[in-house]
$ cat start_14.pdb   # PDB, C-alpha atoms and all ligand atoms
ATOM      1  CA  MET A  12       7.379 -26.716 -14.990
ATOM      2  CA  THR A  13       7.271 -25.036 -18.403
ATOM      3  CA  ASP A  14       4.209 -24.425 -20.511
ATOM      4  CA  PRO A  15       4.600 -25.484 -24.158
ATOM      5  CA  SER A  16       1.953 -23.040 -25.438
ATOM      6  CA  PRO A  17       3.186 -19.847 -27.136
ATOM      7  CA  ARG A  18       3.237 -16.641 -25.090
ATOM      8  CA  VAL A  19       0.669 -13.932 -25.718
ATOM      9  CA  GLN A  20       2.537 -10.669 -26.164
ATOM     10  CA  PHE A  21       1.214  -7.389 -24.761
ATOM     11  CA  ASP A  22       3.122  -4.516 -26.307
ATOM     12  CA  PRO A  23       2.373  -1.079 -24.822
ATOM     13  CA  ALA A  24       3.354   0.543 -28.126
ATOM     14  CA  ALA A  25       0.628  -1.403 -29.924
ATOM     15  CA  MET A  26      -2.109  -1.077 -27.302
ATOM     16  CA  ASP A  27      -4.526   1.450 -25.940
ATOM     17  CA  GLY A  28      -3.200   2.817 -22.607
ATOM     18  CA  ALA A  29      -6.219   1.665 -20.576
ATOM     19  CA  ALA A  30      -5.988  -1.850 -22.001
ATOM     20  CA  PHE A  31      -2.295  -2.078 -21.171
ATOM     21  CA  TYR A  32      -2.980  -0.794 -17.657
ATOM     22  CA  ARG A  33      -5.403  -3.690 -17.171
ATOM     23  CA  VAL A  34      -2.698  -6.129 -18.262
ATOM     24  CA  LEU A  35      -0.097  -4.602 -15.929
ATOM     25  CA  ASN A  36      -2.570  -4.717 -13.038
ATOM     26  CA  SER A  37      -3.099  -8.411 -13.719
ATOM     27  CA  VAL A  38       0.577  -9.349 -13.729
ATOM     28  CA  VAL A  39       2.032  -7.160 -10.981
ATOM     29  CA  VAL A  40       0.297  -9.166  -8.282
ATOM     30  CA  PRO A  41      -0.521  -9.452  -5.469
ATOM     31  CA  ARG A  42      -0.206  -5.813  -4.403
ATOM     32  CA  PRO A  43      -0.479  -4.554  -0.839
ATOM     33  CA  ILE A  44      -3.093  -1.882  -0.322
ATOM     34  CA  ALA A  45      -2.286   1.409   1.377
ATOM     35  CA  TRP A  46      -5.323   2.961   3.021
ATOM     36  CA  VAL A  47      -4.193   6.543   2.606
ATOM     37  CA  CYS A  48      -5.696   9.096   4.968
ATOM     38  CA  SER A  49      -5.127  12.778   4.289
ATOM     39  CA  ARG A  50      -6.709  16.123   5.088
ATOM     40  CA  SER A  51      -7.607  18.894   2.660
ATOM     41  CA  ALA A  52      -6.557  22.510   3.207
ATOM     42  CA  GLU A  53     -10.219  23.099   4.166
ATOM     43  CA  GLY A  54     -10.046  20.367   6.827
ATOM     44  CA  VAL A  55     -11.995  17.576   5.098
ATOM     45  CA  VAL A  56     -10.519  14.182   5.983
ATOM     46  CA  ASN A  57     -10.036  11.850   3.045
ATOM     47  CA  LEU A  58      -9.524   8.079   2.974
ATOM     48  CA  ALA A  59      -8.714   6.127  -0.194
ATOM     49  CA  PRO A  60      -7.100   2.778  -1.078
ATOM     50  CA  HIS A  61      -3.947   2.742  -3.220
ATOM     51  CA  SER A  62      -2.459  -0.551  -4.342
ATOM     52  CA  PHE A  63       0.533   0.978  -6.074
ATOM     53  CA  TYR A  64       2.285   0.970  -2.737
ATOM     54  CA  THR A  65       5.626  -0.204  -1.393
ATOM     55  CA  VAL A  66       8.725   0.627   0.658
ATOM     56  CA  ALA A  67      10.871   3.104  -1.260
ATOM     57  CA  CYS A  68      13.889   3.487   1.030
ATOM     58  CA  VAL A  69      15.237   1.857   4.184
ATOM     59  CA  GLU A  70      17.433   4.638   5.598
ATOM     60  CA  PRO A  71      15.754   7.051   5.885
ATOM     61  CA  PRO A  72      12.527   5.044   6.034
ATOM     62  CA  VAL A  73      10.338   6.086   3.122
ATOM     63  CA  VAL A  74       7.184   4.524   1.682
ATOM     64  CA  GLN A  75       5.551   5.383  -1.611
ATOM     65  CA  PHE A  76       2.147   5.290  -3.216
ATOM     66  CA  THR A  77       1.124   6.350  -6.689
ATOM     67  CA  SER A  78      -1.795   8.527  -7.630
ATOM     68  CA  VAL A  79      -2.955   7.687 -11.135
ATOM     69  CA  GLY A  80      -4.138  11.105 -12.204
ATOM     70  CA  ARG A  81      -4.609  13.964  -9.763
ATOM     71  CA  LYS A  82      -6.876  12.753  -7.002
ATOM     72  CA  ASP A  83      -7.918  14.218  -3.641
ATOM     73  CA  SER A  84      -5.308  12.178  -1.720
ATOM     74  CA  LEU A  85      -2.507  13.670  -3.815
ATOM     75  CA  ARG A  86      -3.887  17.219  -3.642
ATOM     76  CA  ASN A  87      -4.274  16.941   0.140
ATOM     77  CA  VAL A  88      -0.780  15.597   0.736
ATOM     78  CA  GLU A  89       0.640  18.387  -1.414
ATOM     79  CA  ALA A  90      -1.394  20.933   0.560
ATOM     80  CA  THR A  91      -0.637  19.724   4.114
ATOM     81  CA  GLY A  92       2.554  17.650   3.772
ATOM     82  CA  GLU A  93       1.158  14.780   5.862
ATOM     83  CA  PHE A  94      -0.638  11.476   5.490
ATOM     84  CA  THR A  95      -1.101   8.119   7.169
ATOM     85  CA  VAL A  96      -1.211   4.672   5.626
ATOM     86  CA  SER A  97      -3.307   2.103   7.459
ATOM     87  CA  LEU A  98      -2.994  -1.570   6.600
ATOM     88  CA  THR A  99      -6.165  -2.942   5.010
ATOM     89  CA  PRO A 100      -7.211  -6.007   7.017
ATOM     90  CA  GLU A 101      -9.488  -8.751   5.731
ATOM     91  CA  TRP A 102     -12.186  -7.853   8.224
ATOM     92  CA  LEU A 103     -12.649  -4.402   6.624
ATOM     93  CA  PHE A 104     -12.922  -5.691   3.030
ATOM     94  CA  GLU A 105     -16.196  -3.966   2.102
ATOM     95  CA  GLN A 106     -15.206  -0.702   3.757
ATOM     96  CA  VAL A 107     -11.845  -0.607   1.945
ATOM     97  CA  ASN A 108     -13.607  -1.069  -1.369
ATOM     98  CA  ALA A 109     -16.270   1.519  -0.515
ATOM     99  CA  THR A 110     -13.632   4.175   0.178
ATOM    100  CA  GLY A 111     -12.426   3.729  -3.425
ATOM    101  CA  THR A 112     -15.711   5.256  -4.622
ATOM    102  CA  ASP A 113     -15.197   8.552  -6.463
ATOM    103  CA  PHE A 114     -16.872  10.734  -3.849
ATOM    104  CA  PRO A 115     -16.658  14.488  -4.538
ATOM    105  CA  PRO A 116     -13.837  16.396  -2.762
ATOM    106  CA  GLY A 117     -16.026  17.813   0.033
ATOM    107  CA  VAL A 118     -17.185  14.368   1.187
ATOM    108  CA  SER A 119     -15.305  12.432   3.870
ATOM    109  CA  GLU A 120     -15.111   8.786   2.708
ATOM    110  CA  ALA A 121     -14.532   7.551   6.257
ATOM    111  CA  GLU A 122     -17.801   9.079   7.498
ATOM    112  CA  GLU A 123     -19.692   8.036   4.400
ATOM    113  CA  CYS A 124     -18.441   4.419   4.587
ATOM    114  CA  GLY A 125     -18.662   4.011   8.369
ATOM    115  CA  VAL A 126     -14.908   3.735   8.944
ATOM    116  CA  THR A 127     -13.887   4.930  12.412
ATOM    117  CA  LEU A 128     -10.794   7.101  12.544
ATOM    118  CA  GLU A 129      -8.678   7.997  15.566
ATOM    119  CA  PRO A 130      -5.928  10.564  16.145
ATOM    120  CA  SER A 131      -2.388   9.671  15.097
ATOM    121  CA  GLU A 132       0.661  10.153  17.324
ATOM    122  CA  ARG A 133       3.025  12.252  15.186
ATOM    123  CA  VAL A 134       0.984  13.782  12.392
ATOM    124  CA  GLY A 135      -2.201  15.827  12.327
ATOM    125  CA  VAL A 136      -3.990  13.361  10.041
ATOM    126  CA  PRO A 137      -5.937  10.497  11.658
ATOM    127  CA  ARG A 138      -5.511   6.754  11.140
ATOM    128  CA  VAL A 139      -8.046   3.941  10.812
ATOM    129  CA  ALA A 140      -8.986   2.772  14.317
ATOM    130  CA  GLY A 141      -9.932  -0.729  13.165
ATOM    131  CA  SER A 142      -6.651  -1.387  11.362
ATOM    132  CA  PRO A 143      -3.807  -3.101  13.252
ATOM    133  CA  VAL A 144      -1.071  -1.029  11.567
ATOM    134  CA  ALA A 145      -0.642   2.668  10.895
ATOM    135  CA  VAL A 146       2.329   4.268   9.146
ATOM    136  CA  GLU A 147       2.514   7.985   9.881
ATOM    137  CA  CYS A 148       4.267  10.020   7.209
ATOM    138  CA  THR A 149       5.390  13.493   6.293
ATOM    139  CA  LEU A 150       5.783  14.332   2.639
ATOM    140  CA  HIS A 151       9.342  13.656   1.444
ATOM    141  CA  ALA A 152       8.900  14.339  -2.274
ATOM    142  CA  THR A 153       6.634  13.758  -5.217
ATOM    143  CA  LEU A 154       7.717  12.483  -8.599
ATOM    144  CA  ARG A 155       5.590  13.204 -11.637
ATOM    145  CA  LEU A 156       5.667  10.380 -14.191
ATOM    146  CA  GLY A 157       3.395  10.899 -17.189
ATOM    147  CA  ASP A 158      -0.205  10.673 -15.975
ATOM    148  CA  SER A 159       0.777   9.536 -12.484
ATOM    149  CA  THR A 160       2.492  10.962  -9.421
ATOM    150  CA  VAL A 161       4.580   8.942  -7.008
ATOM    151  CA  VAL A 162       4.212  10.244  -3.450
ATOM    152  CA  LEU A 163       7.164   9.527  -1.177
ATOM    153  CA  GLY A 164       6.427   9.674   2.539
ATOM    154  CA  ARG A 165       9.085   9.904   5.223
ATOM    155  CA  VAL A 166       7.964   7.493   7.923
ATOM    156  CA  GLN A 167       7.702   9.214  11.312
ATOM    157  CA  LEU A 168       6.138   6.321  13.198
ATOM    158  CA  VAL A 169       4.743   2.862  12.703
ATOM    159  CA  SER A 170       2.204   1.795  15.324
ATOM    160  CA  VAL A 171       0.936  -1.764  15.610
ATOM    161  CA  TRP A 172      -1.673  -3.287  17.923
ATOM    162  CA  GLU A 173       0.108  -4.954  20.823
ATOM    163  CA  SER A 174      -1.915  -8.115  20.190
ATOM    164  CA  ALA A 175      -0.335  -8.333  16.724
ATOM    165  CA  VAL A 176       3.278  -8.066  17.930
ATOM    166  CA  ARG A 177       5.208 -11.115  19.148
ATOM    167  CA  ASP A 178       8.888 -11.060  20.155
ATOM    168  CA  GLY A 179       9.165  -7.503  18.882
ATOM    169  CA  ARG A 180       7.867  -8.261  15.403
ATOM    170  CA  PRO A 181       4.418  -7.658  13.902
ATOM    171  CA  ARG A 182       2.915 -11.043  13.018
ATOM    172  CA  ILE A 183       1.253 -11.709   9.704
ATOM    173  CA  GLU A 184      -1.373 -14.054  11.202
ATOM    174  CA  GLN A 185      -2.816 -11.150  13.188
ATOM    175  CA  LEU A 186      -2.511  -8.544  10.423
ATOM    176  CA  GLN A 187      -4.526 -10.500   7.833
ATOM    177  CA  PRO A 188      -3.762  -8.072   4.988
ATOM    178  CA  LEU A 189      -5.870  -7.851   1.865
ATOM    179  CA  ALA A 190      -4.112  -7.653  -1.472
ATOM    180  CA  ARG A 191      -5.194  -6.398  -4.859
ATOM    181  CA  LEU A 192      -5.086  -8.487  -8.030
ATOM    182  CA  GLY A 193      -6.234  -7.732 -11.596
ATOM    183  CA  GLY A 194      -9.774  -6.758 -12.599
ATOM    184  CA  ASN A 195     -12.057  -6.694  -9.580
ATOM    185  CA  GLU A 196     -10.127  -9.474  -7.881
ATOM    186  CA  TRP A 197      -8.631  -9.247  -4.418
ATOM    187  CA  SER A 198      -6.880 -11.842  -2.315
ATOM    188  CA  THR A 199      -6.198 -12.795   1.254
ATOM    189  CA  LEU A 200      -2.965 -14.171   2.608
ATOM    190  CA  GLY A 201      -3.037 -17.899   1.824
ATOM    191  CA  GLU A 202      -0.309 -20.245   2.992
ATOM    192  CA  VAL A 203       2.699 -18.682   4.721
ATOM    193  CA  ARG A 204       6.018 -20.370   3.977
ATOM    194  CA  GLU A 205       9.401 -19.785   5.614
ATOM    195  CA  ILE A 206      12.844 -20.192   4.121
ATOM    196  CA  LYS A 207      16.215 -18.712   5.005
ATOM    197  CA  ARG A 208      18.190 -16.613   2.547
ATOM    198  CA  ILE A 209      21.415 -18.385   1.576
ATOM    199  CA  SER A 210      24.664 -16.440   1.746
ATOM    200  CA  TYR A 211      27.163 -17.170  -1.003
ATOM    201  CA  ARG A 212      29.667 -18.458   1.553
ATOM    202  CA  ARG A 213      27.143 -21.044   2.665
ATOM    203  CA  TRP A 214      26.185 -21.771  -0.939
ATOM    204  CA  ALA A 215      29.844 -22.390  -1.740
ATOM    205  CA  GLY A 216      30.085 -24.813   1.162
ATOM    206  CA  ASP A 217      32.249 -22.874   3.656
ATOM    207  CA  PRO A 218      31.943 -25.028   6.799
ATOM    208  CA  ALA A 219      33.235 -22.225   9.048
ATOM    209  CA  ILE A 220      30.077 -20.107   8.895
ATOM    210  CA  GLY A 221      27.185 -20.357  11.266
ATOM    211  CA  GLU A 222      23.728 -18.891  11.105
ATOM    212  CA  GLY A 223      23.243 -15.138  11.119
ATOM    213  CA  VAL A 224      22.308 -14.495   7.523
ATOM    214  CA  ARG A 225      20.337 -11.278   7.463
ATOM    215  CA  GLY A 226      16.773 -12.209   6.631
ATOM    216  CA  ASP A 227      14.323  -9.850   4.997
TER     217      ASP A 227
HETATM  218  C1  LIG B   1      -8.157  -1.714  -3.815
HETATM  219  C2  LIG B   1      -8.016  -0.437  -4.573
HETATM  220  C3  LIG B   1      -6.763   0.004  -4.928
HETATM  221  C4  LIG B   1      -6.594   1.205  -5.624
HETATM  222  N1  LIG B   1      -5.329   1.615  -5.947
HETATM  223  C5  LIG B   1      -5.148   2.826  -6.534
HETATM  224  C6  LIG B   1      -3.829   3.316  -6.792
HETATM  225  O1  LIG B   1      -2.821   2.669  -6.521
HETATM  226  N2  LIG B   1      -3.715   4.548  -7.351
HETATM  227  C7  LIG B   1      -4.807   5.298  -7.669
HETATM  228  O2  LIG B   1      -4.635   6.416  -8.161
HETATM  229  N3  LIG B   1      -6.060   4.855  -7.440
HETATM  230  C8  LIG B   1      -6.250   3.656  -6.858
HETATM  231  N4  LIG B   1      -7.516   3.193  -6.595
HETATM  232  C9  LIG B   1      -8.657   4.057  -6.909
HETATM  233  C10 LIG B   1      -8.816   5.143  -5.853
HETATM  234  O3  LIG B   1      -8.951   4.594  -4.558
HETATM  235  C11 LIG B   1     -10.066   5.970  -6.186
HETATM  236  O4  LIG B   1      -9.836   6.633  -7.415
HETATM  237  C12 LIG B   1     -10.427   6.949  -5.105
HETATM  238  O5  LIG B   1     -11.676   7.534  -5.438
HETATM  239  C13 LIG B   1      -9.404   8.043  -4.957
HETATM  240  O6  LIG B   1      -9.816   8.807  -3.880
HETATM  241  P1  LIG B   1      -9.390  10.302  -3.661
HETATM  242  O7  LIG B   1      -9.809  11.093  -4.880
HETATM  243  O8  LIG B   1     -10.162  10.651  -2.451
HETATM  244  O9  LIG B   1      -7.910  10.341  -3.457
HETATM  245  C14 LIG B   1      -7.715   1.983  -5.942
HETATM  246  C15 LIG B   1      -8.999   1.530  -5.586
HETATM  247  C16 LIG B   1      -9.153   0.331  -4.914
HETATM  248  C17 LIG B   1     -10.518  -0.121  -4.519
END

$ encode --input "start_14.pdb" --output "structure tokens" --more "lines below"
Ligand SMILES: Cc1cc2nc3c(=O)[nH]c(=O)nc-3n(C[C@H](O)[C@H](O)[C@H](O)COP(=O)(O)O)c2cc1C
Amino acid sequence: MTDPSPRVQFDPAAMDGAAFYRVLNSVVVPRPIAWVCSRSAEGVVNLAPHSFYTVACVEPPVVQFTSVGRKDSLRNVEATGEFTVSLTPEWLFEQVNATGTDFPPGVSEAEECGVTLEPSERVGVPRVAGSPVAVECTLHATLRLGDSTVVLGRVQLVSVWESAVRDGRPRIEQLQPLARLGGNEWSTLGEVREIKRISYRRWAGDPAIGEGVRGD
């Protein structure tokens, strides 16, 4: 399907930065949400959602989130070298949003928003008890890019509720992740489709090959 209407062009060089940010947020979608938990040097536990979040490296396992500006999460991770990322499940929608409120540094969002935390296994920062997945990280590096800082976390452990793991793999139906869209829009999972990646040998019709294409 092609759309015959002309394209609207959004040129960062011709736009106000905030306006372009809104456009980018509306087209890089849907984004997973990292519920980043960190602790300040003074011991205050912080919890904040970050949708600029993805896997940065496979070996070693590294995840990344981006702090737009210098926020408490970034300052805390720099100070202690540790953080956890909890998956944001559908059933905690309001709480996830509430922890994005710009509380002052001395306030613990988790306490304020009624989010129960529990101790992690490998790092001194807690994880969200009501989330099926926690990724425990130590700080690998930070990368300053203009007004933002990419935080790279070396993954020390991923823990998943047993009820959400089948045949050794966490199952999306149990995780029910929220995702972030543009504006104030969020989304839930929707239809899950499956398809196998096609190796070139198969594509080219080599009859000698069987299954075993690495799927990711
Ligand atoms: C769903 C959602 C996703 C967000 N993603 C980001 C993000 O990727 N980067 C960022 O800097 N702020 C993001 N924010 C805003 C922060 O969560 C917000 O500024 C928060 O107050 C930061 O908390 P902190 O100062 O305790 O770190 C997001 C907010 C929401 C609700």

$ residues_near_ligand --input "start_14.pdb" --ligand "ligand LIG 1 (chain B)" --cutoff "9 Å" --atoms "all atoms listed in the file" --output "MDAnalysis selection string"
chainID A and resid 42:49 57:64 76:87 107:116 118:120 159:160 189:192 195:197

$ residues_around --input "start_14.pdb" --residues "segment 133-142 of chain A" --least-positions-apart "2" --cutoff "8 Å" --atoms "all atoms listed in the file" --output "list in words"
Cys48, Ser49, Arg50, Val56, Glu93, Phe94, Thr95, Val96, Ser97, Leu98, Thr99, Pro100, Leu103, Val126, Thr127, Leu128, Glu129, Pro130, Ser131, Val144, Ala145, Glu147, Cys148, Thr149, Gln167 and Leu168 of chain A

$ atom_distance --input "start_14.pdb" --atom1 "atom CA of Trp102 of chain A" --atom2 "atom CA of Val74 of chain A"
23.9 Å

$ atom_distance --input "start_14.pdb" --atom1 "atom CA of Val176 of chain A" --atom2 "atom CA of Pro143 of chain A"
9.8 Å

$ closest_residue --input "start_14.pdb" --among "A:Gly117, A:Ser198, A:Val146, A:Val88" --to "Val166 of chain A" --atoms "only C-alpha atoms"
A:Val146

$ closest_residue --input "start_14.pdb" --among "A:Ala67, A:Ala90, A:Cys124, A:Leu163" --to "Glu105 of chain A" --atoms "only C-alpha atoms"
A:Cys124

$ closest_residue --input "start_14.pdb" --among "A:Thr13, A:Ser51, A:Ser174, A:Thr65" --to "Val162 of chain A" --atoms "all atoms listed in the file"
A:Thr65

$ closest_atom_pairs --input "start_14.pdb" --of "segment 115-193 of chain A" --to "segment 19-33 of chain A" --cutoff "12 Å" --atoms "all atoms listed in the file" --output "tab-separated table"
residue	atom	partner	partner_atom	distance
A:Gly157	CA	A:Gly28	CA	11.8
A:Asp158	CA	A:Gly28	CA	10.7
A:Leu192	CA	A:Arg33	CA	10.3
A:Gly193	CA	A:Arg33	CA	6.9

$ closest_residue --input "start_14.pdb" --among "A:Thr91, A:Gln75, A:Thr199, A:Asn36" --to "Thr153 of chain A" --atoms "only C-alpha atoms"
A:Gln75

$ closest_residue --input "start_14.pdb" --among "A:Val161, A:Glu101, A:Ile220, A:Pro17" --to "Gln185 of chain A" --atoms "only C-alpha atoms"
A:Glu101

$ axis_aligned_box --input "start_14.pdb" --around "segment 151-165 of chain A" --padding-each-side "3 Å" --output "AutoDock Vina command-line options"
--center_x 4.6 --center_y 11.6 --center_z -6.0 --size_x 15.5 --size_y 11.4 --size_z 28.4
